[in-house]
Amino acid sequence: MVGVSTHLPTADVQDPESNARTARLREALLAAAFTADGLLDLLGAPAYAALARSETVPALRATRGDSPLETLVRLFLLQRPVELRRAQAALPVADCLADGWLVQEGEELRASVDVRPYSGPEEQDWWIVSDLGCAVGGAGGIRGAGERDRAELVLGVGGASTTLAGLTVRRPVTKALDLGTGSGIQALHAAQHTGRVTGTDLNPRALRIAALTLALSGAGPADLREGSLFEPVGDETYDLIVSNPPFVISPGARLTYRDGGMGGDDLCRTLVQQSARHLNDGGYCQLLANWQHVAGEDWHDRLRSWVPRGCDAWIVQREVQDITQYAELWLRDAGDHRAGDEEYAARYDAWLDEFEAHGTKAIGFGWITLRKSGSDSPSITVEEWPHPVEQPLGESVVAHFARQDYLRATDDAALLAGHFRLADEVVQEQVGLPGAEDPEHVVLRQNRGMRRATKVDTVAAGFAGVCDGSLPAGRILDAIAQLVGEDPVRLRDRTPASIRMLVEQGFLEPVAAGG
C-alpha cells in the first residue's frame, strides 16, 4: 500500500485556467467510463466488491490491458505507477501535471490522491478525492506513514458517509452547513439542492481535498472554513446542518478524521446541544454519533438530555458494541495491531482506562436528527432499530416529523373522527398452530423505509386492514365491535393508543375525509 503523500493537487476554482484544466480532466474520466457503472462493468461484481473491502488483487488482475479505463483504475484506485504512454492515451497529462493530479517519475506517472467514482442520487457521475489508500474502510491499511501524517489523513467514501447521505432530508433550502466536511461528500450532495453550502473542518488538508471533490464533480464552489465545531460560522444560521463528525470515543486525539479530542461522548453531545442556535425555524440537523452506555444510567434518558430546547428529535441506535469490541475495532483502524505486543497492549489498556474513568460499559452507534420546531412540548423519539432499512430515508425522516406534528395536535376525540389509510407495501403475517381458528398473534410489516414490524391484536389488524380513507376511525371501530360482540364504547376507549402507535410508526397515514 502506498504511504501518505504530502502533495495535493493545486486545482483552484478561482483560476479560470485551472477550472478549464479540471473540466478537461472530468471530460476524460467520462470518456473513459471511469464511473461507478463503468467500474462495475470492467471489474465484475466480485472484484468490485473486493475493492470496497480494500482488497486490490482481483482488480489488479482485471486491469492488465491497455484500455484508458484500466489505466485510470490502476492510477487512481490501485495507486500503481503507469507508463507515460498509457497515461497519455487516457488523460490530458499536461493538465494533470500542471495541477498536480499526477506526479512524474522518469517515464512513469503516479497519482497524488485517490480519485474514486461515485454515483449521485440522480445517477450523476461524481468523483470523491481522498488521500492515497484512504478511499474505503479507514486508514488502517496505510503503511509507511508517520504519526503526524496519519493524523492528517482525509478519508473517502465509507459506510458512514453513504449512510448519512441517504438519511439527509433533500428539500430545496437556502443555506446548508457540512460540519466536518472531510472529503466533501456531504457538501457535494447538499450542493444539488442548496443555494449556498458552507463546509468546515479542523483539518486544513480536508478543506483542500473537499474543494477538489467539488471541482472535479462539477459542483459549484462551497464556502470552506477552518475550525472546530461551530467556531468558524459564528452566529450564522442554516436550514440544514449535516455532520459525520469525529465521533470515536478514544483516549486522546491522535487521528483528526475520527477522534474528537473531548472526554467520552462530549463531542457529539456538544454538537447536538449547540446546533439549535444555528438552525433556522423548521431546519434540520442530521448527524452520526457514538454514545456511551454508562453503568446506572438508561441510555435513552442520556440521549434525551442532549436534545436542545425548541427541537424535536429522532434518535435511532443501530448498533451496540461492548468496550473490548469497540477498542479492538479502532485499534485495528489505526494500524495498532501491527505494533509490537507490548505497545499494542499499552494502547489497549489506555482505551479500557478511558472507559473505566467514565463508567462506560458499551458504546452505541446511530443517527440523530433534530428539527427546530419551537414547540413547548417537543417530540423526542429514542429507539433501537438494528434491522435492515431501505435507503434513501430522507423522505421517511420528513414523514416521521409530520406524523409527530399530527399526533401532538390531535386528541383522542379528533383521532376517532379522523380518516386513515394503510400505508403502501404493508403486509400482514399471522402466526398460529395449523388448523387453529384464530392466530396466536398478528404482525404488520413494512416493505419500505424503516421496514418496521409490529405485533398487533386482531382488532388493530382488522382496523388497519379496512382503512382506505373513506370512513372515520370511530365508525370502523363500531363495526368491528359489532362483529366481535364487544361494547363499542369500551372499544373506542381502549383503541386510540393502538391507532397512535400505528400512525407514529408509519403503518397508518392520516388523510382528508374521503381521501
# chains A, B, ... in the order shown; residues from 1 in each chain; ligands from 1
>>> closest_atom_pairs(of="region 345-399 of chain A", to="region 443-462 of chain A", cutoff="8 Å", atoms="only C-alpha atoms", output="Markdown table")
| residue | atom | partner | partner_atom | distance |
| --- | --- | --- | --- | --- |
| A:Pro388 | CA | A:Arg451 | CA | 7.2 |
| A:Val389 | CA | A:Met450 | CA | 4.8 |
| A:Glu390 | CA | A:Gly449 | CA | 4.9 |
| A:Gln391 | CA | A:Gly449 | CA | 6.9 |
| A:Pro392 | CA | A:Gly449 | CA | 7.9 |
| A:Leu393 | CA | A:Gly449 | CA | 6.2 |
| A:Ser396 | CA | A:Gly449 | CA | 6.2 |
>>> select_by_dssp(residues="region 92-234 of chain A", states="alpha helix (DSSP H)", output="PDB file with N, CA, C and O atoms, in the first residue's frame")
ATOM      1  N   VAL A  93      -2.469  14.673 -19.877  1.00  0.00           N
ATOM      2  CA  VAL A  93      -1.371  14.546 -18.918  1.00  0.00           C
ATOM      3  C   VAL A  93      -0.778  15.903 -18.556  1.00  0.00           C
ATOM      4  O   VAL A  93      -0.462  16.167 -17.384  1.00  0.00           O
ATOM      5  N   ALA A  94      -0.619  16.787 -19.540  1.00  0.00           N
ATOM      6  CA  ALA A  94      -0.041  18.109 -19.242  1.00  0.00           C
ATOM      7  C   ALA A  94      -0.899  18.855 -18.221  1.00  0.00           C
ATOM      8  O   ALA A  94      -0.371  19.498 -17.295  1.00  0.00           O
ATOM      9  N   ASP A  95      -2.225  18.794 -18.378  1.00  0.00           N
ATOM     10  CA  ASP A  95      -3.125  19.433 -17.410  1.00  0.00           C
ATOM     11  C   ASP A  95      -2.970  18.826 -16.028  1.00  0.00           C
ATOM     12  O   ASP A  95      -2.928  19.532 -15.014  1.00  0.00           O
ATOM     13  N   CYS A  96      -2.924  17.486 -15.979  1.00  0.00           N
ATOM     14  CA  CYS A  96      -2.844  16.788 -14.687  1.00  0.00           C
ATOM     15  C   CYS A  96      -1.519  17.077 -13.983  1.00  0.00           C
ATOM     16  O   CYS A  96      -1.474  17.174 -12.749  1.00  0.00           O
ATOM     17  N   LEU A  97      -0.440  17.217 -14.765  1.00  0.00           N
ATOM     18  CA  LEU A  97       0.838  17.567 -14.158  1.00  0.00           C
ATOM     19  C   LEU A  97       0.840  19.022 -13.700  1.00  0.00           C
ATOM     20  O   LEU A  97       1.384  19.355 -12.635  1.00  0.00           O
ATOM     21  N   ALA A  98       0.210  19.882 -14.483  1.00  0.00           N
ATOM     22  CA  ALA A  98       0.181  21.304 -14.120  1.00  0.00           C
ATOM     23  C   ALA A  98      -0.550  21.533 -12.813  1.00  0.00           C
ATOM     24  O   ALA A  98      -0.122  22.364 -11.982  1.00  0.00           O
ATOM     25  N   ASP A  99      -1.658  20.817 -12.609  1.00  0.00           N
ATOM     26  CA  ASP A  99      -2.437  20.996 -11.380  1.00  0.00           C
ATOM     27  C   ASP A  99      -2.073  19.991 -10.292  1.00  0.00           C
ATOM     28  O   ASP A  99      -2.645  20.031  -9.195  1.00  0.00           O
ATOM     29  N   GLU A 147       3.169   9.141  12.506  1.00  0.00           N
ATOM     30  CA  GLU A 147       2.002   9.538  13.298  1.00  0.00           C
ATOM     31  C   GLU A 147       1.460  10.879  12.836  1.00  0.00           C
ATOM     32  O   GLU A 147       0.257  11.088  12.770  1.00  0.00           O
ATOM     33  N   ARG A 148       2.347  11.821  12.512  1.00  0.00           N
ATOM     34  CA  ARG A 148       1.887  13.143  12.086  1.00  0.00           C
ATOM     35  C   ARG A 148       1.102  13.040  10.784  1.00  0.00           C
ATOM     36  O   ARG A 148       0.025  13.629  10.634  1.00  0.00           O
ATOM     37  N   ASP A 149       1.643  12.302   9.823  1.00  0.00           N
ATOM     38  CA  ASP A 149       0.938  12.126   8.551  1.00  0.00           C
ATOM     39  C   ASP A 149      -0.398  11.446   8.769  1.00  0.00           C
ATOM     40  O   ASP A 149      -1.416  11.827   8.200  1.00  0.00           O
ATOM     41  N   ARG A 150      -0.390  10.407   9.599  1.00  0.00           N
ATOM     42  CA  ARG A 150      -1.618   9.648   9.826  1.00  0.00           C
ATOM     43  C   ARG A 150      -2.691  10.534  10.464  1.00  0.00           C
ATOM     44  O   ARG A 150      -3.880  10.421  10.150  1.00  0.00           O
ATOM     45  N   ALA A 151      -2.286  11.436  11.327  1.00  0.00           N
ATOM     46  CA  ALA A 151      -3.252  12.307  11.999  1.00  0.00           C
ATOM     47  C   ALA A 151      -3.955  13.240  11.030  1.00  0.00           C
ATOM     48  O   ALA A 151      -5.071  13.695  11.297  1.00  0.00           O
ATOM     49  N   GLY A 159     -18.930   3.478   4.639  1.00  0.00           N
ATOM     50  CA  GLY A 159     -20.307   3.171   5.002  1.00  0.00           C
ATOM     51  C   GLY A 159     -20.982   4.278   5.786  1.00  0.00           C
ATOM     52  O   GLY A 159     -22.168   4.562   5.584  1.00  0.00           O
ATOM     53  N   ALA A 160     -20.227   4.948   6.666  1.00  0.00           N
ATOM     54  CA  ALA A 160     -20.823   6.024   7.468  1.00  0.00           C
ATOM     55  C   ALA A 160     -21.243   7.192   6.584  1.00  0.00           C
ATOM     56  O   ALA A 160     -22.343   7.738   6.732  1.00  0.00           O
ATOM     57  N   SER A 161     -20.374   7.579   5.647  1.00  0.00           N
ATOM     58  CA  SER A 161     -20.692   8.747   4.823  1.00  0.00           C
ATOM     59  C   SER A 161     -21.869   8.473   3.897  1.00  0.00           C
ATOM     60  O   SER A 161     -22.717   9.350   3.680  1.00  0.00           O
ATOM     61  N   THR A 162     -21.960   7.268   3.336  1.00  0.00           N
ATOM     62  CA  THR A 162     -23.100   6.964   2.471  1.00  0.00           C
ATOM     63  C   THR A 162     -24.383   6.824   3.279  1.00  0.00           C
ATOM     64  O   THR A 162     -25.467   7.195   2.797  1.00  0.00           O
ATOM     65  N   THR A 163     -24.281   6.314   4.505  1.00  0.00           N
ATOM     66  CA  THR A 163     -25.456   6.246   5.378  1.00  0.00           C
ATOM     67  C   THR A 163     -26.009   7.636   5.646  1.00  0.00           C
ATOM     68  O   THR A 163     -27.213   7.885   5.520  1.00  0.00           O
ATOM     69  N   LEU A 164     -25.140   8.572   6.015  1.00  0.00           N
ATOM     70  CA  LEU A 164     -25.593   9.934   6.304  1.00  0.00           C
ATOM     71  C   LEU A 164     -26.180  10.592   5.058  1.00  0.00           C
ATOM     72  O   LEU A 164     -27.214  11.266   5.135  1.00  0.00           O
ATOM     73  N   ALA A 165     -25.543  10.380   3.908  1.00  0.00           N
ATOM     74  CA  ALA A 165     -26.063  10.953   2.666  1.00  0.00           C
ATOM     75  C   ALA A 165     -27.472  10.450   2.381  1.00  0.00           C
ATOM     76  O   ALA A 165     -28.336  11.209   1.918  1.00  0.00           O
ATOM     77  N   GLY A 166     -27.721   9.168   2.652  1.00  0.00           N
ATOM     78  CA  GLY A 166     -29.052   8.615   2.420  1.00  0.00           C
ATOM     79  C   GLY A 166     -30.092   9.083   3.418  1.00  0.00           C
ATOM     80  O   GLY A 166     -31.277   9.164   3.102  1.00  0.00           O
ATOM     81  N   LEU A 167     -29.659   9.408   4.628  1.00  0.00           N
ATOM     82  CA  LEU A 167     -30.581   9.864   5.676  1.00  0.00           C
ATOM     83  C   LEU A 167     -31.029  11.312   5.494  1.00  0.00           C
ATOM     84  O   LEU A 167     -32.091  11.710   5.963  1.00  0.00           O
ATOM     85  N   ILE A 185     -18.021  14.874   0.621  1.00  0.00           N
ATOM     86  CA  ILE A 185     -19.144  14.149   0.023  1.00  0.00           C
ATOM     87  C   ILE A 185     -20.485  14.728   0.441  1.00  0.00           C
ATOM     88  O   ILE A 185     -21.409  14.852  -0.380  1.00  0.00           O
ATOM     89  N   GLN A 186     -20.630  15.126   1.708  1.00  0.00           N
ATOM     90  CA  GLN A 186     -21.921  15.690   2.145  1.00  0.00           C
ATOM     91  C   GLN A 186     -22.148  17.068   1.515  1.00  0.00           C
ATOM     92  O   GLN A 186     -23.280  17.405   1.130  1.00  0.00           O
ATOM     93  N   ALA A 187     -21.100  17.853   1.382  1.00  0.00           N
ATOM     94  CA  ALA A 187     -21.231  19.154   0.724  1.00  0.00           C
ATOM     95  C   ALA A 187     -21.615  18.978  -0.735  1.00  0.00           C
ATOM     96  O   ALA A 187     -22.403  19.758  -1.279  1.00  0.00           O
ATOM     97  N   LEU A 188     -21.073  17.953  -1.380  1.00  0.00           N
ATOM     98  CA  LEU A 188     -21.402  17.677  -2.781  1.00  0.00           C
ATOM     99  C   LEU A 188     -22.877  17.345  -2.931  1.00  0.00           C
ATOM    100  O   LEU A 188     -23.560  17.861  -3.827  1.00  0.00           O
ATOM    101  N   HIS A 189     -23.394  16.503  -2.057  1.00  0.00           N
ATOM    102  CA  HIS A 189     -24.831  16.196  -2.073  1.00  0.00           C
ATOM    103  C   HIS A 189     -25.652  17.458  -1.818  1.00  0.00           C
ATOM    104  O   HIS A 189     -26.639  17.728  -2.518  1.00  0.00           O
ATOM    105  N   ALA A 190     -25.265  18.210  -0.795  1.00  0.00           N
ATOM    106  CA  ALA A 190     -26.050  19.389  -0.419  1.00  0.00           C
ATOM    107  C   ALA A 190     -26.074  20.424  -1.534  1.00  0.00           C
ATOM    108  O   ALA A 190     -27.065  21.154  -1.698  1.00  0.00           O
ATOM    109  N   PRO A 204      -6.983  21.481   7.825  1.00  0.00           N
ATOM    110  CA  PRO A 204      -6.915  22.271   6.580  1.00  0.00           C
ATOM    111  C   PRO A 204      -6.719  21.395   5.348  1.00  0.00           C
ATOM    112  O   PRO A 204      -7.146  21.759   4.251  1.00  0.00           O
ATOM    113  N   ARG A 205      -6.090  20.248   5.511  1.00  0.00           N
ATOM    114  CA  ARG A 205      -5.920  19.323   4.384  1.00  0.00           C
ATOM    115  C   ARG A 205      -7.278  18.848   3.883  1.00  0.00           C
ATOM    116  O   ARG A 205      -7.495  18.692   2.676  1.00  0.00           O
ATOM    117  N   ALA A 206      -8.212  18.622   4.799  1.00  0.00           N
ATOM    118  CA  ALA A 206      -9.554  18.191   4.403  1.00  0.00           C
ATOM    119  C   ALA A 206     -10.246  19.264   3.573  1.00  0.00           C
ATOM    120  O   ALA A 206     -10.939  18.946   2.597  1.00  0.00           O
ATOM    121  N   LEU A 207     -10.081  20.520   3.922  1.00  0.00           N
ATOM    122  CA  LEU A 207     -10.714  21.595   3.157  1.00  0.00           C
ATOM    123  C   LEU A 207     -10.184  21.638   1.736  1.00  0.00           C
ATOM    124  O   LEU A 207     -10.939  21.855   0.778  1.00  0.00           O
ATOM    125  N   ARG A 208      -8.890  21.405   1.562  1.00  0.00           N
ATOM    126  CA  ARG A 208      -8.310  21.390   0.223  1.00  0.00           C
ATOM    127  C   ARG A 208      -8.856  20.213  -0.583  1.00  0.00           C
ATOM    128  O   ARG A 208      -9.169  20.345  -1.763  1.00  0.00           O
ATOM    129  N   ILE A 209      -8.979  19.056   0.060  1.00  0.00           N
ATOM    130  CA  ILE A 209      -9.479  17.887  -0.652  1.00  0.00           C
ATOM    131  C   ILE A 209     -10.965  18.032  -0.965  1.00  0.00           C
ATOM    132  O   ILE A 209     -11.428  17.650  -2.050  1.00  0.00           O
ATOM    133  N   ALA A 210     -11.737  18.611  -0.051  1.00  0.00           N
ATOM    134  CA  ALA A 210     -13.164  18.847  -0.330  1.00  0.00           C
ATOM    135  C   ALA A 210     -13.328  19.757  -1.537  1.00  0.00           C
ATOM    136  O   ALA A 210     -14.211  19.542  -2.384  1.00  0.00           O
ATOM    137  N   ALA A 211     -12.483  20.782  -1.649  1.00  0.00           N
ATOM    138  CA  ALA A 211     -12.552  21.669  -2.806  1.00  0.00           C
ATOM    139  C   ALA A 211     -12.261  20.912  -4.091  1.00  0.00           C
ATOM    140  O   ALA A 211     -12.891  21.162  -5.133  1.00  0.00           O
ATOM    141  N   LEU A 212     -11.341  19.951  -4.042  1.00  0.00           N
ATOM    142  CA  LEU A 212     -11.034  19.135  -5.213  1.00  0.00           C
ATOM    143  C   LEU A 212     -12.215  18.250  -5.594  1.00  0.00           C
ATOM    144  O   LEU A 212     -12.550  18.104  -6.780  1.00  0.00           O
ATOM    145  N   THR A 213     -12.851  17.643  -4.611  1.00  0.00           N
ATOM    146  CA  THR A 213     -14.027  16.806  -4.871  1.00  0.00           C
ATOM    147  C   THR A 213     -15.117  17.613  -5.573  1.00  0.00           C
ATOM    148  O   THR A 213     -15.706  17.169  -6.568  1.00  0.00           O
ATOM    149  N   LEU A 214     -15.392  18.789  -5.051  1.00  0.00           N
ATOM    150  CA  LEU A 214     -16.440  19.625  -5.629  1.00  0.00           C
ATOM    151  C   LEU A 214     -16.086  20.069  -7.054  1.00  0.00           C
ATOM    152  O   LEU A 214     -16.917  20.031  -7.959  1.00  0.00           O
ATOM    153  N   ALA A 215     -14.834  20.482  -7.247  1.00  0.00           N
ATOM    154  CA  ALA A 215     -14.424  20.969  -8.560  1.00  0.00           C
ATOM    155  C   ALA A 215     -14.446  19.846  -9.592  1.00  0.00           C
ATOM    156  O   ALA A 215     -14.967  20.014 -10.707  1.00  0.00           O
ATOM    157  N   LEU A 216     -13.894  18.682  -9.238  1.00  0.00           N
ATOM    158  CA  LEU A 216     -13.827  17.575 -10.190  1.00  0.00           C
ATOM    159  C   LEU A 216     -15.207  17.050 -10.530  1.00  0.00           C
ATOM    160  O   LEU A 216     -15.450  16.585 -11.648  1.00  0.00           O
TER     161      LEU A 216
END
>>> closest_residue(among="A:Gly220, A:Pro92, A:Gly310, A:Gly335", to="Leu255 (chain A)", atoms="only C-alpha atoms")
A:Gly335
>>> select_by_dssp(residues="region 12-183 of chain A", states="strand (DSSP E)", output="number ranges by chain")
A: 82-83, 102-105, 108-111, 114-119, 125-130, 173-179
>>> atom_distance(atom1="CA of Pro472 (chain A)", atom2="CA of Pro378 (chain A)")
27.5 Å
>>> residues_around(residues="Val272 (chain A)", least_positions_apart="5", cutoff="9 Å", atoms="only C-alpha atoms", output="ChimeraX atom specification")
/A:267,285,287,306-308,368,370
>>> write_last_selection(atoms="N, CA, C and O atoms", output="tab-separated table (two decimals), in the first residue's frame")
chain	number	residue	atom	x	y	z
A	267	LEU	N	-18.05	15.29	22.56
A	267	LEU	CA	-18.06	15.99	21.29
A	267	LEU	C	-19.43	15.89	20.62
A	267	LEU	O	-19.99	16.88	20.16
A	285	CYS	N	-31.02	19.29	11.63
A	285	CYS	CA	-29.62	18.92	11.89
A	285	CYS	C	-29.57	17.40	11.90
A	285	CYS	O	-30.29	16.75	12.68
A	287	LEU	N	-26.91	14.00	11.95
A	287	LEU	CA	-25.54	13.57	12.16
A	287	LEU	C	-25.47	12.11	12.59
A	287	LEU	O	-26.47	11.52	13.03
A	306	TRP	N	-29.66	15.31	25.82
A	306	TRP	CA	-28.86	16.08	24.88
A	306	TRP	C	-29.70	17.05	24.04
A	306	TRP	O	-29.18	18.04	23.54
A	307	VAL	N	-30.97	16.74	23.84
A	307	VAL	CA	-31.79	17.46	22.87
A	307	VAL	C	-32.02	18.89	23.35
A	307	VAL	O	-32.54	19.11	24.45
A	308	PRO	N	-31.66	19.89	22.54
A	308	PRO	CA	-31.81	21.28	22.98
A	308	PRO	C	-33.28	21.73	22.98
A	308	PRO	O	-34.11	21.18	22.25
A	368	ILE	N	-28.79	10.73	14.63
A	368	ILE	CA	-29.52	11.75	15.38
A	368	ILE	C	-30.04	12.78	14.39
A	368	ILE	O	-29.27	13.33	13.60
A	370	LEU	N	-32.39	16.30	14.42
A	370	LEU	CA	-33.12	17.34	15.14
A	370	LEU	C	-33.90	18.18	14.12
A	370	LEU	O	-33.43	18.40	13.00
>>> residues_around(residues="region 112-119 of chain A", least_positions_apart="4", cutoff="9 Å", atoms="only C-alpha atoms", output="MDAnalysis selection string")
chainID A and resid 5:9 34:37 39 73 75:79 100:103 123:135 156:157 213
>>> write_last_selection(atoms="N, CA, C and O atoms", output="CSV table (one decimal), in the first residue's frame")
chain,number,residue,atom,x,y,z
A,5,SER,N,1.0,10.7,0.8
A,5,SER,CA,1.7,11.8,0.0
A,5,SER,C,1.4,13.1,0.7
A,5,SER,O,0.3,13.4,1.1
A,6,THR,N,2.5,13.9,0.8
A,6,THR,CA,2.3,15.3,1.4
A,6,THR,C,1.8,16.2,0.3
A,6,THR,O,1.4,17.3,0.6
A,7,HIS,N,1.8,15.7,-1.0
A,7,HIS,CA,1.5,16.6,-2.1
A,7,HIS,C,0.0,16.5,-2.3
A,7,HIS,O,-0.6,15.4,-2.3
A,8,LEU,N,-0.6,17.6,-2.7
A,8,LEU,CA,-2.0,17.6,-3.1
A,8,LEU,C,-2.1,18.4,-4.4
A,8,LEU,O,-1.4,19.3,-4.6
A,9,PRO,N,-3.1,18.0,-5.2
A,9,PRO,CA,-3.4,18.9,-6.4
A,9,PRO,C,-3.6,20.3,-6.1
A,9,PRO,O,-4.1,20.6,-5.0
A,34,PHE,N,-14.8,6.1,-16.6
A,34,PHE,CA,-14.3,6.0,-15.2
A,34,PHE,C,-15.4,6.5,-14.3
A,34,PHE,O,-15.3,7.5,-13.7
A,35,THR,N,-16.4,5.7,-14.2
A,35,THR,CA,-17.6,6.0,-13.4
A,35,THR,C,-18.0,4.8,-12.6
A,35,THR,O,-17.4,3.7,-12.8
A,36,ALA,N,-18.9,4.9,-11.7
A,36,ALA,CA,-19.3,3.8,-10.9
A,36,ALA,C,-19.8,2.6,-11.7
A,36,ALA,O,-19.5,1.5,-11.5
A,37,ASP,N,-20.7,2.9,-12.7
A,37,ASP,CA,-21.2,1.9,-13.6
A,37,ASP,C,-20.0,1.3,-14.5
A,37,ASP,O,-20.0,0.1,-14.7
A,39,LEU,N,-16.9,1.0,-13.7
A,39,LEU,CA,-16.1,0.2,-12.9
A,39,LEU,C,-16.7,-1.2,-12.7
A,39,LEU,O,-16.0,-2.2,-12.8
A,73,VAL,N,-8.0,3.1,-13.5
A,73,VAL,CA,-8.2,2.3,-12.3
A,73,VAL,C,-6.9,2.1,-11.7
A,73,VAL,O,-6.8,2.2,-10.4
A,75,LEU,N,-4.1,3.8,-11.9
A,75,LEU,CA,-3.6,5.1,-11.4
A,75,LEU,C,-4.3,5.5,-10.1
A,75,LEU,O,-3.6,5.7,-9.0
A,76,PHE,N,-5.6,5.7,-10.2
A,76,PHE,CA,-6.3,6.5,-9.1
A,76,PHE,C,-6.9,5.6,-8.1
A,76,PHE,O,-7.1,6.0,-6.9
A,77,LEU,N,-7.2,4.3,-8.4
A,77,LEU,CA,-7.8,3.4,-7.4
A,77,LEU,C,-6.8,2.5,-6.8
A,77,LEU,O,-6.9,2.2,-5.6
A,78,LEU,N,-5.9,1.9,-7.6
A,78,LEU,CA,-5.0,1.0,-7.1
A,78,LEU,C,-3.6,1.6,-6.8
A,78,LEU,O,-2.8,0.9,-6.2
A,79,GLN,N,-3.5,2.9,-7.1
A,79,GLN,CA,-2.3,3.6,-6.8
A,79,GLN,C,-1.0,2.9,-7.3
A,79,GLN,O,0.0,2.8,-6.6
A,100,GLY,N,-1.2,19.1,-10.6
A,100,GLY,CA,-0.7,18.2,-9.6
A,100,GLY,C,-1.5,16.9,-9.3
A,100,GLY,O,-1.3,16.3,-8.3
A,101,TRP,N,-2.4,16.6,-10.2
A,101,TRP,CA,-3.1,15.3,-10.0
A,101,TRP,C,-2.2,14.1,-10.2
A,101,TRP,O,-2.4,13.1,-9.6
A,102,LEU,N,-1.2,14.3,-11.0
A,102,LEU,CA,-0.2,13.3,-11.3
A,102,LEU,C,1.2,13.8,-11.0
A,102,LEU,O,1.4,15.0,-11.1
A,103,VAL,N,2.1,12.9,-10.7
A,103,VAL,CA,3.5,13.2,-10.4
A,103,VAL,C,4.3,12.3,-11.3
A,103,VAL,O,4.1,11.1,-11.4
A,123,GLU,N,-28.2,9.5,-10.4
A,123,GLU,CA,-27.3,8.9,-11.3
A,123,GLU,C,-26.2,9.8,-11.9
A,123,GLU,O,-25.7,9.6,-13.0
A,124,GLN,N,-25.9,10.9,-11.2
A,124,GLN,CA,-24.8,11.8,-11.6
A,124,GLN,C,-23.5,11.1,-11.5
A,124,GLN,O,-23.3,10.2,-10.6
A,125,ASP,N,-22.6,11.4,-12.3
A,125,ASP,CA,-21.2,10.8,-12.2
A,125,ASP,C,-20.4,11.8,-11.5
A,125,ASP,O,-20.1,12.9,-12.0
A,126,TRP,N,-20.0,11.4,-10.2
A,126,TRP,CA,-19.1,12.2,-9.4
A,126,TRP,C,-17.9,11.5,-9.1
A,126,TRP,O,-17.8,10.3,-9.3
A,127,TRP,N,-16.9,12.2,-8.5
A,127,TRP,CA,-15.6,11.6,-8.1
A,127,TRP,C,-15.3,12.2,-6.7
A,127,TRP,O,-15.3,13.4,-6.5
A,128,ILE,N,-15.0,11.3,-5.8
A,128,ILE,CA,-14.6,11.7,-4.4
A,128,ILE,C,-13.1,11.5,-4.3
A,128,ILE,O,-12.5,10.5,-4.5
A,129,VAL,N,-12.4,12.6,-3.9
A,129,VAL,CA,-11.0,12.7,-3.7
A,129,VAL,C,-10.7,12.4,-2.2
A,129,VAL,O,-11.4,12.8,-1.3
A,130,SER,N,-9.6,11.6,-2.0
A,130,SER,CA,-9.1,11.4,-0.7
A,130,SER,C,-7.6,11.1,-0.7
A,130,SER,O,-7.0,11.0,-1.8
A,131,ASP,N,-7.0,10.9,0.5
A,131,ASP,CA,-5.6,10.6,0.5
A,131,ASP,C,-5.4,9.2,0.0
A,131,ASP,O,-6.3,8.3,0.0
A,132,LEU,N,-4.2,8.9,-0.5
A,132,LEU,CA,-3.9,7.6,-1.1
A,132,LEU,C,-4.1,6.5,-0.1
A,132,LEU,O,-3.7,6.6,1.1
A,133,GLY,N,-4.8,5.5,-0.5
A,133,GLY,CA,-5.1,4.4,0.4
A,133,GLY,C,-6.2,4.6,1.4
A,133,GLY,O,-6.4,3.7,2.3
A,134,CYS,N,-6.9,5.8,1.4
A,134,CYS,CA,-7.9,6.1,2.4
A,134,CYS,C,-9.3,6.2,1.8
A,134,CYS,O,-10.2,6.8,2.4
A,135,ALA,N,-9.5,5.6,0.6
A,135,ALA,CA,-10.8,5.7,0.0
A,135,ALA,C,-11.9,5.0,0.7
A,135,ALA,O,-13.0,5.4,0.8
A,156,GLY,N,-12.0,8.8,2.2
A,156,GLY,CA,-13.0,9.0,1.2
A,156,GLY,C,-14.4,8.4,1.5
A,156,GLY,O,-14.8,8.6,2.7
A,157,VAL,N,-15.0,7.7,0.6
A,157,VAL,CA,-16.4,7.2,0.8
A,157,VAL,C,-16.3,6.0,1.6
A,157,VAL,O,-15.6,5.0,1.3
A,213,THR,N,-12.9,17.6,-4.6
A,213,THR,CA,-14.0,16.8,-4.9
A,213,THR,C,-15.1,17.6,-5.6
A,213,THR,O,-15.7,17.2,-6.6
>>> atom_distance(atom1="CA of Leu91 (chain A)", atom2="CA of Gly38 (chain A)")
16.3 Å
>>> residues_around(residues="Arg347 (chain A)", least_positions_apart="4", cutoff="10 Å", atoms="only C-alpha atoms", output="list of chain:residue names")
A:Pro251, A:Ala327, A:Leu331, A:Asp336, A:His337, A:Ala339, A:Glu342, A:Glu343, A:Trp351, A:Leu352, A:Asp353
>>> write_last_selection(atoms="N, CA, C and O atoms", output="compact mmCIF listing (two decimals), in the first residue's frame")
# COMPACT_ATOMS: atom_id res chain seq x y z
N PRO A 251 -9.05 7.50 23.81
CA PRO A 251 -8.14 8.26 24.69
C PRO A 251 -7.27 9.18 23.85
O PRO A 251 -6.45 8.74 23.05
N ALA A 327 -12.87 -1.12 21.31
CA ALA A 327 -11.45 -0.77 21.35
C ALA A 327 -10.68 -1.51 20.26
O ALA A 327 -9.84 -0.92 19.56
N LEU A 331 -8.49 0.20 17.30
CA LEU A 331 -7.05 -0.09 17.31
C LEU A 331 -6.62 -0.64 15.96
O LEU A 331 -5.56 -0.28 15.44
N ASP A 336 -2.72 -0.16 14.92
CA ASP A 336 -2.01 -0.50 16.14
C ASP A 336 -1.83 -2.01 16.31
O ASP A 336 -0.98 -2.45 17.08
N HIS A 337 -2.63 -2.81 15.59
CA HIS A 337 -2.48 -4.25 15.68
C HIS A 337 -1.17 -4.72 15.05
O HIS A 337 -0.76 -5.86 15.26
N ALA A 339 1.67 -3.06 15.65
CA ALA A 339 2.73 -2.66 16.57
C ALA A 339 3.21 -3.89 17.34
O ALA A 339 2.60 -4.97 17.29
N GLU A 342 3.92 -5.37 23.22
CA GLU A 342 3.87 -4.50 24.39
C GLU A 342 3.20 -3.17 24.06
O GLU A 342 2.40 -2.66 24.85
N GLU A 343 3.53 -2.62 22.90
CA GLU A 343 2.93 -1.34 22.52
C GLU A 343 1.43 -1.49 22.29
O GLU A 343 0.63 -0.64 22.71
N TRP A 351 -7.29 2.55 26.21
CA TRP A 351 -8.71 2.61 25.85
C TRP A 351 -9.57 2.13 27.01
O TRP A 351 -10.58 2.76 27.35
N LEU A 352 -9.19 1.02 27.62
CA LEU A 352 -10.01 0.49 28.73
C LEU A 352 -9.96 1.44 29.93
O LEU A 352 -10.96 1.57 30.66
N ASP A 353 -8.82 2.10 30.14
CA ASP A 353 -8.75 3.11 31.21
C ASP A 353 -9.74 4.24 30.95
O ASP A 353 -10.40 4.75 31.88
